>>> print(open('start.txt').read())   # compact mmCIF, C-alpha atoms
# COMPACT_ATOMS: atom_id res chain seq x y z
CA MET G 214 -115.69 -18.19 36.34
CA ARG G 215 -115.18 -20.15 33.17
CA VAL G 216 -112.94 -18.52 30.53
CA PRO G 217 -114.22 -18.97 26.98
CA VAL G 218 -112.18 -21.35 24.85
CA ARG G 219 -111.51 -18.68 22.23
CA LEU G 220 -110.10 -16.33 24.90
CA ARG G 221 -107.92 -19.06 26.36
CA LEU G 222 -106.51 -19.85 22.94
CA GLY G 223 -105.84 -16.17 22.34
CA LEU G 224 -103.99 -15.80 25.66
CA ALA G 225 -101.93 -18.92 24.95
CA ALA G 226 -100.97 -17.60 21.55
CA LEU G 227 -100.05 -14.23 23.08
CA VAL G 228 -97.82 -15.89 25.72
CA ALA G 229 -96.18 -18.12 23.10
CA GLY G 230 -95.50 -15.09 20.91
CA ALA G 231 -93.96 -13.19 23.82
CA ILE G 232 -91.68 -16.15 24.63
CA ALA G 233 -90.60 -16.44 21.00
CA LEU G 234 -89.88 -12.70 20.82
CA LEU G 235 -87.82 -12.85 24.02
CA ALA G 236 -85.83 -15.81 22.66
CA LEU G 237 -85.18 -13.92 19.42
CA VAL G 238 -83.93 -10.87 21.32
CA VAL G 239 -81.57 -13.05 23.39
CA LEU G 240 -80.23 -14.82 20.30
CA MET G 241 -79.68 -11.59 18.39
CA ARG G 242 -77.90 -9.86 21.28
CA PRO G 243 -74.15 -9.55 20.50
CA ALA G 244 -72.15 -12.18 22.32
CA ARG G 245 -69.81 -10.91 24.98
CA ILE G 246 -66.29 -11.15 23.60
CA VAL G 247 -63.87 -12.60 26.09
CA THR G 248 -60.40 -11.21 25.45
CA PRO G 249 -57.57 -13.47 26.60
CA PRO G 250 -55.01 -11.92 28.93
CA SER G 251 -52.35 -10.00 27.05
CA THR G 252 -49.01 -11.76 26.80
CA GLY G 253 -47.16 -8.48 26.49
CA PHE G 254 -45.70 -9.57 23.15
CA ALA G 255 -46.65 -8.44 19.65
CA GLY G 256 -45.91 -11.88 18.20
CA ALA G 257 -47.40 -15.24 19.09
CA LEU G 258 -45.78 -17.07 21.99
CA ARG G 259 -44.12 -20.33 21.05
CA PRO G 260 -45.12 -23.37 23.14
CA PRO G 261 -43.11 -23.45 26.37
CA GLY G 262 -40.61 -26.19 26.87
CA ILE G 263 -39.27 -26.38 23.31
CA PRO G 264 -35.65 -27.45 23.80
CA VAL G 265 -32.82 -25.40 22.39
CA LYS G 266 -31.83 -26.81 19.00
CA PRO G 267 -28.21 -25.86 18.27
CA PHE G 268 -26.99 -25.77 14.70
CA ARG G 269 -23.80 -24.94 12.86
CA LEU G 270 -23.83 -23.75 9.24
CA ARG G 271 -21.85 -21.38 7.03
CA ASP G 272 -22.91 -17.93 5.91
CA GLN G 273 -22.77 -16.24 2.50
CA ASP G 274 -19.06 -15.51 2.97
CA GLY G 275 -18.15 -19.04 4.03
CA ARG G 276 -17.75 -18.12 7.70
CA PRO G 277 -19.04 -20.62 10.29
CA ALA G 278 -22.19 -19.57 12.15
CA ALA G 279 -23.34 -21.51 15.21
CA LEU G 280 -26.35 -20.70 17.36
CA ALA G 281 -24.14 -21.25 20.41
CA ASP G 282 -22.06 -18.23 19.34
CA TYR G 283 -25.02 -16.00 20.25
CA ARG G 284 -25.82 -17.43 23.68
CA GLY G 285 -26.66 -14.55 26.02
CA ARG G 286 -28.13 -12.42 23.21
CA VAL G 287 -31.57 -12.15 21.64
CA VAL G 288 -31.49 -13.47 18.05
CA VAL G 289 -33.85 -12.84 15.13
CA LEU G 290 -34.14 -15.97 13.00
CA THR G 291 -35.93 -16.26 9.66
CA PHE G 292 -36.06 -18.56 6.64
CA LEU G 293 -35.49 -17.25 3.10
CA TYR G 294 -34.29 -18.12 -0.36
CA SER G 295 -32.20 -15.88 -2.55
CA THR G 296 -34.31 -15.90 -5.74
CA CYS G 297 -37.60 -15.16 -3.96
CA ARG G 298 -39.41 -12.10 -5.32
CA ASP G 299 -42.28 -11.64 -2.86
CA THR G 300 -42.29 -12.74 0.78
CA CYS G 301 -38.51 -12.92 1.29
CA PRO G 302 -37.73 -9.31 0.30
CA VAL G 303 -40.65 -8.16 2.47
CA THR G 304 -39.33 -10.20 5.39
CA ALA G 305 -35.83 -8.76 5.01
CA GLN G 306 -37.19 -5.20 4.92
CA GLN G 307 -39.35 -5.74 8.01
CA ILE G 308 -36.36 -7.10 9.91
CA ARG G 309 -34.25 -4.20 8.71
CA GLY G 310 -36.88 -1.74 9.96
CA ALA G 311 -37.01 -3.46 13.36
CA LEU G 312 -33.22 -3.37 13.71
CA ASP G 313 -33.26 0.35 12.85
CA ARG G 314 -35.80 0.94 15.62
CA VAL G 315 -33.95 -1.10 18.23
CA GLY G 316 -30.77 0.75 17.44
CA GLY G 317 -28.43 -1.85 18.92
CA ASP G 318 -26.37 -4.76 17.66
CA VAL G 319 -28.98 -7.52 17.38
CA PRO G 320 -27.92 -10.70 15.56
CA ALA G 321 -30.22 -11.59 12.64
CA LEU G 322 -29.90 -14.90 10.79
CA ALA G 323 -31.66 -16.14 7.66
CA VAL G 324 -31.58 -19.89 7.07
CA SER G 325 -31.87 -21.04 3.46
CA VAL G 326 -35.00 -22.95 2.48
CA ASP G 327 -33.71 -23.70 -1.04
CA PRO G 328 -30.31 -25.40 -0.72
CA ALA G 329 -30.17 -26.31 -4.42
CA GLY G 330 -30.73 -22.73 -5.54
CA ASP G 331 -29.02 -20.69 -2.83
CA SER G 332 -25.36 -20.26 -3.71
CA PRO G 333 -23.06 -17.92 -1.75
CA ALA G 334 -23.04 -15.46 -4.67
CA ARG G 335 -26.85 -15.39 -4.89
CA ALA G 336 -27.13 -14.98 -1.14
CA ARG G 337 -24.74 -12.00 -1.22
CA ARG G 338 -26.71 -10.41 -4.07
CA PHE G 339 -29.96 -10.83 -2.14
CA LEU G 340 -28.50 -9.17 0.97
CA ALA G 341 -27.06 -6.31 -1.10
CA ARG G 342 -30.36 -5.69 -2.93
CA GLN G 343 -32.24 -5.56 0.36
CA HIS G 344 -29.60 -3.31 2.00
CA VAL G 345 -29.08 -5.74 4.87
CA ALA G 346 -25.51 -6.84 4.08
CA GLY G 347 -23.57 -6.77 7.34
CA ARG G 348 -26.81 -6.88 9.36
CA LEU G 349 -28.37 -10.18 8.28
CA ARG G 350 -26.33 -13.34 7.79
CA PHE G 351 -27.63 -15.76 5.15
CA LEU G 352 -26.91 -19.32 6.33
CA LEU G 353 -26.38 -22.00 3.69
CA GLY G 354 -25.93 -25.75 3.61
CA THR G 355 -26.92 -28.99 1.98
CA ARG G 356 -30.44 -30.37 2.35
CA ALA G 357 -29.10 -32.90 4.87
CA GLN G 358 -27.56 -30.10 6.94
CA LEU G 359 -30.61 -27.84 6.76
CA THR G 360 -33.38 -30.37 7.33
CA PRO G 361 -32.82 -30.68 11.11
CA VAL G 362 -32.98 -26.87 11.41
CA TRP G 363 -36.24 -26.69 9.44
CA ARG G 364 -37.74 -29.41 11.61
CA ALA G 365 -36.63 -27.77 14.84
CA TYR G 366 -38.51 -24.58 13.92
CA GLY G 367 -41.50 -26.13 12.14
CA ILE G 368 -40.51 -24.81 8.71
CA GLN G 369 -41.64 -26.16 5.35
CA PRO G 370 -38.82 -25.58 2.83
CA GLN G 371 -39.34 -24.22 -0.65
CA ASP G 372 -40.23 -26.94 -3.12
CA ARG G 373 -41.93 -27.44 -6.45
CA GLY G 374 -45.67 -27.04 -5.98
CA PHE G 375 -45.72 -25.28 -2.62
CA GLU G 376 -44.29 -22.21 -0.93
CA HIS G 377 -41.97 -22.27 2.06
CA SER G 378 -43.07 -21.23 5.55
CA ALA G 379 -42.73 -17.46 5.81
CA GLU G 380 -41.87 -17.06 9.48
CA VAL G 381 -39.72 -14.97 11.80
CA VAL G 382 -38.77 -16.39 15.19
CA VAL G 383 -37.23 -14.46 18.08
CA LEU G 384 -34.92 -16.46 20.34
CA ASP G 385 -34.27 -15.39 23.90
CA ARG G 386 -30.83 -15.08 25.51
CA SER G 387 -30.73 -18.80 26.30
CA GLY G 388 -31.44 -19.74 22.66
CA ARG G 389 -35.06 -20.81 23.24
CA GLN G 390 -37.80 -20.05 20.73
CA ARG G 391 -40.01 -17.48 22.43
CA VAL G 392 -42.03 -15.51 19.86
CA GLY G 393 -43.06 -16.21 16.27
CA PHE G 394 -44.40 -13.94 13.54
CA PRO G 395 -46.00 -15.14 10.31
CA VAL G 396 -44.78 -12.64 7.73
CA SER G 397 -48.39 -11.61 7.08
CA GLN G 398 -48.50 -10.27 10.67
CA LEU G 399 -44.93 -8.98 10.91
CA THR G 400 -44.29 -5.28 11.41
CA PRO G 401 -41.01 -3.50 12.24
CA GLU G 402 -42.66 -1.95 15.30
CA GLY G 403 -43.96 -5.27 16.65
CA LEU G 404 -40.69 -7.09 16.07
CA ALA G 405 -38.67 -4.27 17.66
CA HIS G 406 -41.00 -4.30 20.69
CA ASP G 407 -40.48 -8.04 21.24
CA ILE G 408 -36.71 -7.82 20.76
CA ARG G 409 -36.53 -5.13 23.45
CA ARG G 410 -38.81 -7.07 25.78
CA LEU G 411 -36.74 -10.25 25.52
CA ALA G 412 -33.47 -8.34 25.76
CA GLY G 413 -34.62 -6.68 28.98
CA GLY G 414 -32.80 -3.48 28.11
CA ARG G 415 -29.60 -5.25 27.03
CA VAL G 416 -29.50 -4.40 23.31
>>> encode(input="start.txt", output="structure tokens")
Amino acid sequence: MRVPVRLRLGLAALVAGAIALLALVVLMRPARIVTPPSTGFAGALRPPGIPVKPFRLRDQDGRPAALADYRGRVVVLTFLYSTCRDTCPVTAQQIRGALDRVGGDVPALAVSVDPAGDSPARARRFLARQHVAGRLRFLLGTRAQLTPVWRAYGIQPQDRGFEHSAEVVVLDRSGRQRVGFPVSQLTPEGLAHDIRRLAGGRV
């Protein structure tokens, strides 16, 4: 039986419309979100295999401070400058809140990112204003002394025309970089969680 041309064209159009509708439905369906396995840390894991980068500087009171002095302990390391009015005070307060939550003696070090502007007196005033004196050591030095430390941790120092890297890094008991927090994602709870995890109960 011969199908009229008009009917065949109508059926073809109907099939084409059905295929187009099906394609539209498939395209509009929400994509399945694949969640990566949880690392168990609140911060972002640093790439494995980064070698330990020892350094030796002096703090706001002129006392020597070497990373090797803290071997066997988890260390909180950040990068600040004493005349900062925005990210640095926030960073200091978030670290203070994490240390309060951990409740133990956790070393916390802040490396200067403005060697020309960070004097011992200014560093002491910053620590006092943020109520972290005695809990956070502010490490100072010349640009030549600080540059290798900035490079080791991927930090851009403060300079005219651009802002320094606002970062907190947690070092494990062997001195390796393990977890990093951009300050925009830093919380006292998250930092405290990662300190405890790396300390393995030894805080």
>>> atom_distance(input="start.txt", atom1="CA of Val383 (chain G)", atom2="CA of Ile408 (chain G)")
7.2 Å
>>> residues_near_point(input="start.txt", point="(-26.0, -18.1, 20.8)", cutoff="12 Å", atoms="all atoms listed in the file", output="mmCIF file with C-alpha atoms, in the coordinates of the input")
data_model
loop_
_atom_site.group_PDB
_atom_site.id
_atom_site.type_symbol
_atom_site.label_atom_id
_atom_site.label_comp_id
_atom_site.auth_asym_id
_atom_site.auth_seq_id
_atom_site.Cartn_x
_atom_site.Cartn_y
_atom_site.Cartn_z
ATOM 1 C CA VAL G 265 -32.820 -25.400 22.390
ATOM 2 C CA LYS G 266 -31.830 -26.810 19.000
ATOM 3 C CA PRO G 267 -28.210 -25.860 18.270
ATOM 4 C CA PHE G 268 -26.990 -25.770 14.700
ATOM 5 C CA ARG G 269 -23.800 -24.940 12.860
ATOM 6 C CA ALA G 278 -22.190 -19.570 12.150
ATOM 7 C CA ALA G 279 -23.340 -21.510 15.210
ATOM 8 C CA LEU G 280 -26.350 -20.700 17.360
ATOM 9 C CA ALA G 281 -24.140 -21.250 20.410
ATOM 10 C CA ASP G 282 -22.060 -18.230 19.340
ATOM 11 C CA TYR G 283 -25.020 -16.000 20.250
ATOM 12 C CA ARG G 284 -25.820 -17.430 23.680
ATOM 13 C CA GLY G 285 -26.660 -14.550 26.020
ATOM 14 C CA ARG G 286 -28.130 -12.420 23.210
ATOM 15 C CA VAL G 287 -31.570 -12.150 21.640
ATOM 16 C CA VAL G 288 -31.490 -13.470 18.050
ATOM 17 C CA VAL G 289 -33.850 -12.840 15.130
ATOM 18 C CA LEU G 290 -34.140 -15.970 13.000
ATOM 19 C CA VAL G 319 -28.980 -7.520 17.380
ATOM 20 C CA PRO G 320 -27.920 -10.700 15.560
ATOM 21 C CA ALA G 321 -30.220 -11.590 12.640
ATOM 22 C CA LEU G 322 -29.900 -14.900 10.790
ATOM 23 C CA LEU G 384 -34.920 -16.460 20.340
ATOM 24 C CA ASP G 385 -34.270 -15.390 23.900
ATOM 25 C CA ARG G 386 -30.830 -15.080 25.510
ATOM 26 C CA SER G 387 -30.730 -18.800 26.300
ATOM 27 C CA GLY G 388 -31.440 -19.740 22.660
ATOM 28 C CA ARG G 389 -35.060 -20.810 23.240
ATOM 29 C CA GLN G 390 -37.800 -20.050 20.730
#
>>> residues_around(input="start.txt", residues="region 350-354 of chain G", least_positions_apart="4", cutoff="7 Å", atoms="all atoms listed in the file", output="JSON, numbers by chain")
{"G": [270, 271, 272, 273, 321, 322, 323, 324, 325, 328, 336, 358, 359]}
>>> atom_distance(input="start.txt", atom1="CA of Arg342 (chain G)", atom2="CA of His377 (chain G)")
20.8 Å
>>> closest_residue(input="start.txt", among="G:Gln398, G:Gln371, G:Ser251, G:Thr355", to="Val303 (chain G)", atoms="only C-alpha atoms")
G:Gln398
>>> residues_near_point(input="start.txt", point="(-38.9, -21.9, 6.8)", cutoff="12 Å", atoms="all atoms listed in the file", output="VMD selection string")
chain G and resid 290 to 294 300 to 301 304 323 to 328 359 to 372 376 to 382 393 to 396
>>> atom_distance(input="start.txt", atom1="CA of Arg314 (chain G)", atom2="CA of Ala405 (chain G)")
6.3 Å
>>> residues_around(input="start.txt", residues="Ala341 (chain G)", least_positions_apart="2", cutoff="12 Å", atoms="all atoms listed in the file", output="ChimeraX atom specification")
/G:273,295,302,305-306,334-339,343-351
>>> write_last_selection(input="start.txt", atoms="C-alpha atoms", output="PDB file, in the frame of the given file")
ATOM      1  CA  GLN G 273     -22.770 -16.240   2.500  1.00  0.00           C
ATOM      2  CA  SER G 295     -32.200 -15.880  -2.550  1.00  0.00           C
ATOM      3  CA  PRO G 302     -37.730  -9.310   0.300  1.00  0.00           C
ATOM      4  CA  ALA G 305     -35.830  -8.760   5.010  1.00  0.00           C
ATOM      5  CA  GLN G 306     -37.190  -5.200   4.920  1.00  0.00           C
ATOM      6  CA  ALA G 334     -23.040 -15.460  -4.670  1.00  0.00           C
ATOM      7  CA  ARG G 335     -26.850 -15.390  -4.890  1.00  0.00           C
ATOM      8  CA  ALA G 336     -27.130 -14.980  -1.140  1.00  0.00           C
ATOM      9  CA  ARG G 337     -24.740 -12.000  -1.220  1.00  0.00           C
ATOM     10  CA  ARG G 338     -26.710 -10.410  -4.070  1.00  0.00           C
ATOM     11  CA  PHE G 339     -29.960 -10.830  -2.140  1.00  0.00           C
ATOM     12  CA  GLN G 343     -32.240  -5.560   0.360  1.00  0.00           C
ATOM     13  CA  HIS G 344     -29.600  -3.310   2.000  1.00  0.00           C
ATOM     14  CA  VAL G 345     -29.080  -5.740   4.870  1.00  0.00           C
ATOM     15  CA  ALA G 346     -25.510  -6.840   4.080  1.00  0.00           C
ATOM     16  CA  GLY G 347     -23.570  -6.770   7.340  1.00  0.00           C
ATOM     17  CA  ARG G 348     -26.810  -6.880   9.360  1.00  0.00           C
ATOM     18  CA  LEU G 349     -28.370 -10.180   8.280  1.00  0.00           C
ATOM     19  CA  ARG G 350     -26.330 -13.340   7.790  1.00  0.00           C
ATOM     20  CA  PHE G 351     -27.630 -15.760   5.150  1.00  0.00           C
TER      21      PHE G 351
END
>>> closest_residue(input="start.txt", among="G:Glu402, G:Arg409, G:Arg391, G:Asp313", to="Gly262 (chain G)", atoms="all atoms listed in the file")
G:Arg391
>>> build_atoms(input="start.txt", residues="region 351-369 of chain G", atoms="N, CA and C atoms", output="short mmCIF file (atom, residue, chain, number, x, y, z; two decimals), in the coordinates of the input")
data_model
loop_
_atom_site.label_atom_id
_atom_site.label_comp_id
_atom_site.auth_asym_id
_atom_site.auth_seq_id
_atom_site.Cartn_x
_atom_site.Cartn_y
_atom_site.Cartn_z
N PHE G 351 -26.86 -14.78 5.91
CA PHE G 351 -27.63 -15.76 5.15
C PHE G 351 -26.92 -17.11 5.30
N LEU G 352 -27.55 -18.05 6.01
CA LEU G 352 -26.91 -19.32 6.33
C LEU G 352 -27.26 -20.39 5.30
N LEU G 353 -26.24 -21.05 4.78
CA LEU G 353 -26.38 -22.00 3.69
C LEU G 353 -25.95 -23.39 4.12
N GLY G 354 -26.34 -24.38 3.34
CA GLY G 354 -25.93 -25.75 3.61
C GLY G 354 -26.58 -26.70 2.64
N THR G 355 -26.28 -27.96 2.79
CA THR G 355 -26.92 -28.99 1.98
C THR G 355 -28.31 -29.27 2.58
N ARG G 356 -29.12 -29.99 1.82
CA ARG G 356 -30.44 -30.37 2.35
C ARG G 356 -30.29 -31.19 3.63
N ALA G 357 -29.31 -32.08 3.67
CA ALA G 357 -29.10 -32.90 4.87
C ALA G 357 -28.73 -32.04 6.07
N GLN G 358 -27.96 -30.98 5.84
CA GLN G 358 -27.56 -30.10 6.94
C GLN G 358 -28.71 -29.20 7.40
N LEU G 359 -29.55 -28.79 6.45
CA LEU G 359 -30.61 -27.84 6.76
C LEU G 359 -31.88 -28.49 7.30
N THR G 360 -32.13 -29.71 6.92
CA THR G 360 -33.38 -30.37 7.33
C THR G 360 -33.59 -30.39 8.84
N PRO G 361 -32.59 -30.71 9.65
CA PRO G 361 -32.82 -30.68 11.11
C PRO G 361 -33.18 -29.28 11.62
N VAL G 362 -32.65 -28.25 11.00
CA VAL G 362 -32.98 -26.87 11.41
C VAL G 362 -34.43 -26.56 11.04
N TRP G 363 -34.83 -26.91 9.83
CA TRP G 363 -36.24 -26.69 9.44
C TRP G 363 -37.18 -27.41 10.40
N ARG G 364 -36.86 -28.64 10.72
CA ARG G 364 -37.74 -29.41 11.61
C ARG G 364 -37.81 -28.80 13.00
N ALA G 365 -36.68 -28.33 13.49
CA ALA G 365 -36.63 -27.77 14.84
C ALA G 365 -37.53 -26.54 14.98
N TYR G 366 -37.72 -25.82 13.87
CA TYR G 366 -38.51 -24.58 13.92
C TYR G 366 -39.85 -24.71 13.19
N GLY G 367 -40.20 -25.92 12.79
CA GLY G 367 -41.50 -26.13 12.14
C GLY G 367 -41.62 -25.47 10.79
N ILE G 368 -40.56 -25.52 10.00
CA ILE G 368 -40.51 -24.81 8.71
C ILE G 368 -40.64 -25.78 7.55
N GLN G 369 -41.51 -25.44 6.62
CA GLN G 369 -41.64 -26.16 5.35
C GLN G 369 -40.71 -25.51 4.33
#
